[in-house]
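Student: This is the structure I want to talk about, given as C-alpha cells.
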Amino acid sequence: MKFMPLNLIKPIVVLLVTLTSAVFFVFQSPQTQNPSSSLSTMSSSSSSSSMGRSFVLWLHGLGDSGPANEPIKNLFTSPQFRNTKWLFPSAPNAPVTCNYGHVMPSWFDIHEIPITADSPQDESGLIKAVKNVHATIYKEIADGTNPNNVFICGFSQGGALTLASVLLYPKTLGGGAVFSGWVPFNSSSSIIGQITPEAKRTPLLWSHGIIDRTVLFEAGQAGPPFLEKIGVGCEFKAYPGLAHSISNEELRNLESWIKTRLQTSS
C-alpha cells in the first residue's frame with residue numbers, strides 16, 4: 001500500500017493497521033500474486049442472521065493484493081455485520097508509469113508520485129476498472145442484496161477507484177468510503193456528465209492522513225469541495241499524525257458509519 005521506488009529489486013508492499021495495543025503488519029510482495037485473481041473470483045465470507053444481507057467490496061492500493069487486506073474484516077465485530085459478505089479482489093498486473101513501467105498490481109495507471117490535486121489522470125484505464133467493479137455490484141444485487149446495503153471501500157488507488165465507481169453507478173448505493181485517495185478525473189472530464197441524480201445521493205466518507213507523503217493531504221482535502229461543485233455531498237475526516245496508511249481509528253469510524261446506513265432487510 002505504500003509506494004516503493006523501483007531501485008528496490010523486489011518491491012515490498014506494506015499494509016499498516018494500527019491496533020489499540022499493537023501495530024499489525026502484513027507483508028505482501030507483488031511478485032507472489034496470483035495473476036488470475038479477479039473481481040469475480042476472489043473468496044468472500046458471510047454468515048447468516050436475521051438482519052438484512054449486506055455487501056462490502058474492498059479495493060486495495062497500488063502494488064497490494066486483496067488477500068493481504070482480508071484481516072480488515074475481522075475488526076468489524078458488531079452484530080450488524082454477521083450477515084455481511086466481504087470481497088477483497090486483486091488488481092490485474094500492469095505496467096505503472098510512476099514506477100518506471102514496472103509491472104505490478106494496479107487498477108489503472110498512475111503517472112506520478114506523490115499524487116497532488118493537479119496530477120495527470122488515466123481516465124481510460126479508470127473507466128475500464130470501473131466497469132469491472134460495476135459488474136461485481138450488478139451480480140451481488142442480482143443475488144438478492146439490497147443496493148442500499150452495498151458499500152464500496154478503498155485505500156489510495158483503490159480509494160480513487162471507489163469514488164469513480166460510486167459516482168458512475170447509475171443508482172444509489174449504501175455508501176462509498178475513500179481512504180487516502182484522490183479524485184481521479186478533472187473538472188473538464190466527460191465523467192461528470194455521466195453522474196446520475198441517483199448516484200449523487202450515495203453517501204461518501206473520505207478519510208485522509210495529514211502527513212501523507214504519497215497521496216498528499218492537499219489532494220484529499222481538494223476532493224470534497226470538488227464534489228460539492230458537482231452536487232455530491234461528502235463527509236471528510238482528517239487524521240493528524242497519520243501518513244499513507246490506515247489506522248484503527250479510521251476503521252472504527254467506518255464500522256460505525258456503515259452501521260448507521262444498513263437496512264434491516266434486503
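In the C-alpha cells, chains take the letters A, B, ... in the order shown, each chain's residues start at 1, and ligands count up from 1 in the order shown.
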Taking the backbone alone, and naming residues the way the document does, which bits of region 189-256 of chain A are strand (DSSP E) by DSSP, as a VMD selection string?
Tutor: chain A and resid 204 to 209 235 to 239 246 to 247
Student: Between A:Gly61, A:Gly52, A:Ala238, A:Glu123, which residue has the minimum interatomic distance to Gln80 (chain A), considering only C-alpha atoms?
Tutor: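 Under the stated criterion, the closest residue is A:Gly52.
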Student: Select, from A:Val130, A:Ile192, A:Ala219, A:Val150, the residue with the minimum atom-to-atom distance to Thr84 (chain A), counting only C-alpha atoms.
Tutor: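 The answer is A:Val150, which sits nearest to Thr84 (chain A).
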Student: List as a VMD selection string the protein and nucleic acid residues near Thr196 (chain A), meaning an atom at most 9 Å away when only C-alpha atoms are counted, but skip any in the same chain fewer than 2 places from it.
Tutor: chain A and resid 167 to 171 193 to 194 198 to 200
Student: Filtering to all heavy atoms, could you give me those residues as an mmCIF file, in the first residue's frame?
Tutor:
data_model
loop_
_atom_site.group_PDB
_atom_site.id
_atom_site.type_symbol
_atom_site.label_atom_id
_atom_site.label_comp_id
_atom_site.auth_asym_id
_atom_site.auth_seq_id
_atom_site.Cartn_x
_atom_site.Cartn_y
_atom_site.Cartn_z
ATOM 1 N N LEU A 167 -19.699 7.106 -8.114
ATOM 2 C CA LEU A 167 -20.280 8.210 -8.874
ATOM 3 C C LEU A 167 -20.839 7.763 -10.223
ATOM 4 O O LEU A 167 -21.831 8.327 -10.711
ATOM 5 C CB LEU A 167 -19.227 9.299 -9.091
ATOM 6 C CG LEU A 167 -18.741 10.030 -7.837
ATOM 7 C CD1 LEU A 167 -17.670 11.053 -8.202
ATOM 8 C CD2 LEU A 167 -19.898 10.706 -7.109
ATOM 9 N N LEU A 168 -20.229 6.761 -10.830
ATOM 10 C CA LEU A 168 -20.676 6.318 -12.148
ATOM 11 C C LEU A 168 -21.687 5.178 -12.094
ATOM 12 O O LEU A 168 -22.220 4.778 -13.125
ATOM 13 C CB LEU A 168 -19.468 5.897 -12.999
ATOM 14 C CG LEU A 168 -18.588 7.061 -13.463
ATOM 15 C CD1 LEU A 168 -17.341 6.552 -14.161
ATOM 16 C CD2 LEU A 168 -19.377 7.997 -14.377
ATOM 17 N N TYR A 169 -21.970 4.662 -10.895
ATOM 18 C CA TYR A 169 -23.013 3.658 -10.782
ATOM 19 C C TYR A 169 -24.359 4.362 -10.934
ATOM 20 O O TYR A 169 -24.590 5.394 -10.295
ATOM 21 C CB TYR A 169 -22.933 2.922 -9.442
ATOM 22 C CG TYR A 169 -23.808 1.700 -9.399
ATOM 23 C CD1 TYR A 169 -23.401 0.533 -10.026
ATOM 24 C CD2 TYR A 169 -25.046 1.729 -8.767
ATOM 25 C CE1 TYR A 169 -24.215 -0.593 -10.022
ATOM 26 C CE2 TYR A 169 -25.856 0.607 -8.756
ATOM 27 C CZ TYR A 169 -25.443 -0.552 -9.394
ATOM 28 O OH TYR A 169 -26.263 -1.655 -9.395
ATOM 29 N N PRO A 170 -25.271 3.863 -11.760
ATOM 30 C CA PRO A 170 -26.474 4.627 -12.093
ATOM 31 C C PRO A 170 -27.486 4.800 -10.966
ATOM 32 O O PRO A 170 -28.363 5.656 -11.055
ATOM 33 C CB PRO A 170 -27.079 3.824 -13.248
ATOM 34 C CG PRO A 170 -26.555 2.440 -13.077
ATOM 35 C CD PRO A 170 -25.172 2.606 -12.520
ATOM 36 N N LYS A 171 -27.384 3.996 -9.897
ATOM 37 C CA LYS A 171 -28.366 4.075 -8.822
ATOM 38 C C LYS A 171 -27.695 4.378 -7.493
ATOM 39 O O LYS A 171 -26.474 4.385 -7.373
ATOM 40 C CB LYS A 171 -29.167 2.779 -8.746
ATOM 41 C CG LYS A 171 -29.984 2.487 -10.009
ATOM 42 C CD LYS A 171 -30.827 1.238 -9.863
ATOM 43 C CE LYS A 171 -31.648 1.001 -11.128
ATOM 44 N NZ LYS A 171 -32.499 -0.212 -11.019
ATOM 45 N N GLY A 193 -20.534 14.493 -16.553
ATOM 46 C CA GLY A 193 -21.839 14.483 -17.198
ATOM 47 C C GLY A 193 -22.548 13.145 -17.132
ATOM 48 O O GLY A 193 -23.743 13.051 -17.436
ATOM 49 N N GLN A 194 -21.825 12.092 -16.725
ATOM 50 C CA GLN A 194 -22.409 10.755 -16.652
ATOM 51 C C GLN A 194 -22.940 10.425 -15.257
ATOM 52 O O GLN A 194 -23.515 9.359 -15.046
ATOM 53 C CB GLN A 194 -21.358 9.717 -17.054
ATOM 54 C CG GLN A 194 -20.805 9.889 -18.458
ATOM 55 C CD GLN A 194 -19.682 8.901 -18.743
ATOM 56 O OE1 GLN A 194 -19.785 7.701 -18.443
ATOM 57 N NE2 GLN A 194 -18.587 9.394 -19.306
ATOM 58 N N GLU A 198 -29.378 9.877 -9.001
ATOM 59 C CA GLU A 198 -29.417 8.788 -8.009
ATOM 60 C C GLU A 198 -28.022 8.545 -7.425
ATOM 61 O O GLU A 198 -27.864 8.334 -6.217
ATOM 62 C CB GLU A 198 -29.954 7.513 -8.640
ATOM 63 C CG GLU A 198 -31.430 7.551 -9.004
ATOM 64 C CD GLU A 198 -31.706 8.310 -10.299
ATOM 65 O OE1 GLU A 198 -30.731 8.624 -11.037
ATOM 66 O OE2 GLU A 198 -32.885 8.607 -10.574
ATOM 67 N N ALA A 199 -26.993 8.562 -8.271
ATOM 68 C CA ALA A 199 -25.621 8.340 -7.796
ATOM 69 C C ALA A 199 -25.181 9.442 -6.849
ATOM 70 O O ALA A 199 -24.442 9.195 -5.889
ATOM 71 C CB ALA A 199 -24.666 8.251 -8.977
ATOM 72 N N LYS A 200 -25.632 10.653 -7.096
ATOM 73 C CA LYS A 200 -25.255 11.782 -6.245
ATOM 74 C C LYS A 200 -25.809 11.645 -4.831
ATOM 75 O O LYS A 200 -25.337 12.326 -3.915
ATOM 76 C CB LYS A 200 -25.728 13.090 -6.879
ATOM 77 C CG LYS A 200 -24.989 13.456 -8.161
ATOM 78 C CD LYS A 200 -25.477 14.776 -8.746
ATOM 79 C CE LYS A 200 -24.712 15.127 -10.011
ATOM 80 N NZ LYS A 200 -25.144 16.418 -10.602
#
Student: Could you check which of A:Phe81, A:Phe108, A:Trp58, A:Phe236 is closest to Arg261 (chain A), using only C-alpha atoms?
Tutor: A:Phe81
Student: Taking 4 positions as the minimum chain separation for residues in the same chain, which residues sit within 9 Å of Ile113 (chain A) when counting only C-alpha atoms? Answer as a PyMOL selection string.
Tutor: chain A and resi 3+98-99+119+213-215
Student: Quick one, how far is CA of Thr77 (chain A) from CA of Glu255 (chain A)?
Tutor: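 Answer for the CA of Thr77 (chain A) to CA of Glu255 (chain A) separation: 8.8 Å.
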Student: Go through region 55-170 of chain A and flag each residue having an atom no more than 9 Å from region 180-187 of chain A; for those, report the closest pair of atoms plus their distance in Å to one decimal, using only C-alpha atoms, ordered by chain and rising number, as CSV.
Tutor:
residue,atom,partner,partner_atom,distance
A:Ile115,CA,A:Trp182,CA,8.1
A:Thr116,CA,A:Trp182,CA,8.3
A:Ala117,CA,A:Trp182,CA,7.4
A:Asp118,CA,A:Asn186,CA,8.3
A:Ser119,CA,A:Pro184,CA,8.9
A:Pro120,CA,A:Phe185,CA,8.3
A:Gln121,CA,A:Pro184,CA,5.9
A:Asp122,CA,A:Pro184,CA,7.6
A:Glu123,CA,A:Phe185,CA,6.6
A:Leu126,CA,A:Pro184,CA,7.7
A:Gly154,CA,A:Gly181,CA,7.9
A:Phe155,CA,A:Ser180,CA,5.9
A:Ser156,CA,A:Gly181,CA,4.3
A:Gln157,CA,A:Gly181,CA,6.3
A:Gly158,CA,A:Gly181,CA,7.4
A:Gly159,CA,A:Gly181,CA,4.6
A:Ala160,CA,A:Gly181,CA,5.1
A:Leu161,CA,A:Pro184,CA,7.5
A:Thr162,CA,A:Gly181,CA,8.9
A:Leu163,CA,A:Val183,CA,7.2
A:Ala164,CA,A:Pro184,CA,7.2
Student: Go ahead and save the picked residues with C-alpha atoms, as a short mmCIF file (atom, residue, chain, number, x, y, z; two decimals), in the first residue's frame.
Tutor:
data_model
loop_
_atom_site.label_atom_id
_atom_site.label_comp_id
_atom_site.auth_asym_id
_atom_site.auth_seq_id
_atom_site.Cartn_x
_atom_site.Cartn_y
_atom_site.Cartn_z
CA ILE A 115 -0.03 12.49 -6.10
CA THR A 116 -1.23 16.09 -5.87
CA ALA A 117 -4.56 17.73 -6.58
CA ASP A 118 -3.28 18.51 -10.09
CA SER A 119 -1.66 15.19 -11.03
CA PRO A 120 -2.44 13.83 -14.53
CA GLN A 121 -5.06 11.09 -14.70
CA ASP A 122 -5.55 7.84 -16.64
CA GLU A 123 -9.27 8.13 -17.35
CA LEU A 126 -10.09 4.15 -14.80
CA GLY A 154 -10.83 1.56 -0.98
CA PHE A 155 -7.36 2.71 0.02
CA SER A 156 -5.14 5.02 -2.06
CA GLN A 157 -5.53 3.95 -5.71
CA GLY A 158 -8.40 1.76 -4.56
CA GLY A 159 -9.93 4.83 -2.92
CA ALA A 160 -9.80 6.74 -6.19
CA LEU A 161 -11.44 3.78 -7.94
CA THR A 162 -14.05 3.61 -5.17
CA LEU A 163 -15.01 7.23 -5.76
CA ALA A 164 -15.32 6.82 -9.53
#
Student: Can you tell me, as a list in words, what residues are no more than 7 Å from Tyr239 (chain A) when counting only C-alpha atoms, ignoring any on the same chain fewer than 4 positions away?
Tutor: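 So the residues in contact are His208, Gly209 and Ile210 of chain A.
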Student: Determine, counting only C-alpha atoms, which protein, DNA and RNA residues have an atom within 10 Å of an atom of Ile72 (chain A); residues of the same chain fewer than 6 positions away are not included. Present the result as a list of chain:residue names.
Tutor: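 What passes the distance filter is A:Val17, A:Trp58, A:Trp86, A:Phe88, A:Asn248, A:Leu251.
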Student: Between A:Asn83, A:Ser207, A:Thr264, A:Ser188, which is the closest to Glu249 (chain A) once you count only C-alpha atoms?
Tutor: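 Checking each candidate against Glu249 (chain A), we get A:Ser207 as the closest.
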Student: List every residue of region 117-173 of chain A that DSSP, applied to the backbone of this structure, assigns to alpha helix (DSSP H), and report them as a PyMOL selection string.
Tutor: chain A and resi 123-142+157-168
